[in-house]
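Below is one structure, written out as structure tokens; the observations come after it.
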Amino acid sequence: MLDHFNSITSSREAMLSAALGYAERGWHVILLHGVTDEGRCTCSRGGSRCRRPGKHPRLRSAHKGATTDPGVIRSWFARYPDSNSVVLLGPSGLIALYADAPAEDAFLSGQVPDQPGTPSTGRGWHYCVR
């Protein structure tokens with residue numbers, strides 16, 4: 001039981017840490033619903049009725065409330081510790097490059113070496129660049 005609690009806690013800390021890291025780069029963050037251990041969305045639809053578990057805004061007018069303020073981000077995660085977050089590309093001055101196939105990975109290798117990548121659908125990576 002304690003191991004399960006520790007893995008949940010570290011996962012939540014990792015989500016907060018990621019959101020704070022995005023904000024530190026000047027990337028605008030919004031809060032998304034999370035996904036339970038059972039794979040259900042934390043939204044009121046939950047279960048099988050939610051079509052986008054963990055991938056839709058948790059707060060009303062989320063896009064207008066995008067922030068780089070660490071205090072705001074910490075308060076969100078204090079209130080909703082089981083949340084995800086996402087970066088809004090436009091306000092952050094970013095575009096996303098999706099490398100989801102071996103040919104695209106080869107093309108991108110060396111092209112964006114200093115950019116942090118994020119695993120995508122299991123077949124590649126997403127890179128955010130200015």
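For the structure tokens, the naming scheme is as follows: chains receive sequential letters (A, B, ...) according to their order of presentation, residues are indexed from 1 within each chain, and ligands are indexed from 1 in presentation order.
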Selection near range 23-37 of chain A, 7 Å with only C-alpha atoms, sequence-local residues under 5 positions removed, as a PyMOL selection string: chain A and resi 42-43+53-59+62-63+65-70+82-88+91-92
Saved selection, atoms kept: C-alpha atoms, as a CSV table (one decimal), in the first residue's frame:
```csv
chain,number,residue,atom,x,y,z
A,42,THR,CA,-11.3,13.1,-13.2
A,43,CYS,CA,-14.1,15.1,-14.9
A,53,PRO,CA,-9.6,11.4,-20.5
A,54,GLY,CA,-7.0,13.7,-19.0
A,55,LYS,CA,-6.8,15.8,-22.2
A,56,HIS,CA,-9.4,18.6,-21.6
A,57,PRO,CA,-9.3,21.8,-19.5
A,58,ARG,CA,-10.1,21.5,-15.8
A,59,LEU,CA,-11.0,25.1,-15.3
A,62,ALA,CA,-8.7,27.8,-19.2
A,63,HIS,CA,-7.3,29.3,-22.4
A,65,GLY,CA,-6.1,31.8,-17.8
A,66,ALA,CA,-2.9,30.4,-19.2
A,67,THR,CA,0.0,31.4,-17.0
A,68,THR,CA,3.7,31.3,-16.5
A,69,ASP,CA,3.3,32.3,-12.8
A,70,PRO,CA,4.7,29.5,-10.6
A,82,ASP,CA,-4.4,14.7,-9.8
A,83,SER,CA,-4.2,17.1,-12.8
A,84,ASN,CA,-2.3,17.2,-16.0
A,85,SER,CA,-1.1,20.3,-17.7
A,86,VAL,CA,-0.4,21.4,-21.2
A,87,VAL,CA,1.4,24.3,-22.9
A,88,LEU,CA,-0.5,26.7,-25.2
A,91,PRO,CA,0.8,32.5,-26.5
A,92,SER,CA,4.1,30.8,-25.8
```
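We find CA of Val72 in chain A and CA of Arg12 in chain A to be spaced 16.3 Å apart.
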Long-range neighbours of Leu16 in chain A as a count of residues only, 8 Å cut-off, only C-alpha atoms, 3 positions minimum in chain: 7
Point-to-point distance from CA of Tyr22 in chain A to CA of Arg51 in chain A, Å rounded to tenths: 26.2 Å
CA of Arg60 in chain A to CA of Arg79 in chain A, straight-line distance in Å: 14.8 Å
Residue nearest Leu94 in chain A - candidates A:Arg130, A:Arg52, A:Arg45, A:Arg40, atoms counted: only C-alpha atoms: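 Of the candidates, the smallest distance to Leu94 in chain A is held by A:Arg130.
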Write out as a CSV table (one decimal) with N, CA and C atoms, in the first residue's frame which residues come within 9 Å of Ile95 in chain A when counting only C-alpha atoms, dropping same-chain ones fewer than 3 positions away.
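Contents of selection_11.csv, as written:
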```csv
chain,number,residue,atom,x,y,z
A,89,LEU,N,0.6,26.7,-27.3
A,89,LEU,CA,1.7,27.0,-28.2
A,89,LEU,C,1.7,28.5,-28.6
A,90,GLY,N,0.5,29.0,-29.1
A,90,GLY,CA,0.5,30.4,-29.6
A,90,GLY,C,1.0,31.4,-28.6
A,92,SER,N,2.7,31.1,-26.2
A,92,SER,CA,4.1,30.8,-25.8
A,92,SER,C,5.1,31.1,-26.9
A,127,TYR,N,8.4,17.9,-30.3
A,127,TYR,CA,9.4,19.0,-30.0
A,127,TYR,C,8.7,20.3,-30.1
A,128,CYS,N,8.9,21.2,-29.1
A,128,CYS,CA,8.4,22.6,-29.2
A,128,CYS,C,9.6,23.5,-29.5
A,129,VAL,N,9.4,24.3,-30.5
A,129,VAL,CA,10.5,25.2,-30.9
A,129,VAL,C,9.9,26.6,-31.1
A,130,ARG,N,10.8,27.6,-30.9
A,130,ARG,CA,10.3,29.0,-31.2
A,130,ARG,C,10.7,29.4,-32.6
```
Which of range 21-52 of chain A fall in helix (DSSP H, G or I), as a list in words: Gly21, Tyr22, Ala23, Glu24, Gly47, Ser48 and Arg49 of chain A
Would you put the residues from that selection into a file with N, CA, C and O atoms, as a PDB file, in the first residue's frame?
```pdb
ATOM      1  N   GLY A  21       8.434  23.678 -14.885  1.00  0.00           N
ATOM      2  CA  GLY A  21       9.522  23.751 -15.870  1.00  0.00           C
ATOM      3  C   GLY A  21       9.087  24.449 -17.146  1.00  0.00           C
ATOM      4  O   GLY A  21       9.838  25.242 -17.730  1.00  0.00           O
ATOM      5  N   TYR A  22       7.864  24.155 -17.600  1.00  0.00           N
ATOM      6  CA  TYR A  22       7.336  24.840 -18.788  1.00  0.00           C
ATOM      7  C   TYR A  22       7.247  26.341 -18.527  1.00  0.00           C
ATOM      8  O   TYR A  22       7.662  27.156 -19.349  1.00  0.00           O
ATOM      9  N   ALA A  23       6.695  26.698 -17.369  1.00  0.00           N
ATOM     10  CA  ALA A  23       6.531  28.113 -17.023  1.00  0.00           C
ATOM     11  C   ALA A  23       7.884  28.812 -16.929  1.00  0.00           C
ATOM     12  O   ALA A  23       8.023  29.961 -17.357  1.00  0.00           O
ATOM     13  N   GLU A  24       8.865  28.123 -16.396  1.00  0.00           N
ATOM     14  CA  GLU A  24      10.203  28.704 -16.281  1.00  0.00           C
ATOM     15  C   GLU A  24      10.780  29.043 -17.657  1.00  0.00           C
ATOM     16  O   GLU A  24      11.534  29.998 -17.797  1.00  0.00           O
ATOM     17  N   GLY A  47     -15.305   7.783 -16.180  1.00  0.00           N
ATOM     18  CA  GLY A  47     -15.542   6.484 -16.820  1.00  0.00           C
ATOM     19  C   GLY A  47     -15.488   6.476 -18.322  1.00  0.00           C
ATOM     20  O   GLY A  47     -14.736   7.199 -18.952  1.00  0.00           O
ATOM     21  N   SER A  48     -16.316   5.671 -18.912  1.00  0.00           N
ATOM     22  CA  SER A  48     -16.307   5.488 -20.361  1.00  0.00           C
ATOM     23  C   SER A  48     -17.032   6.613 -21.100  1.00  0.00           C
ATOM     24  O   SER A  48     -16.967   6.682 -22.314  1.00  0.00           O
ATOM     25  N   ARG A  49     -17.712   7.493 -20.376  1.00  0.00           N
ATOM     26  CA  ARG A  49     -18.440   8.569 -21.050  1.00  0.00           C
ATOM     27  C   ARG A  49     -17.533   9.718 -21.467  1.00  0.00           C
ATOM     28  O   ARG A  49     -17.900  10.512 -22.317  1.00  0.00           O
TER      29      ARG A  49
END
```
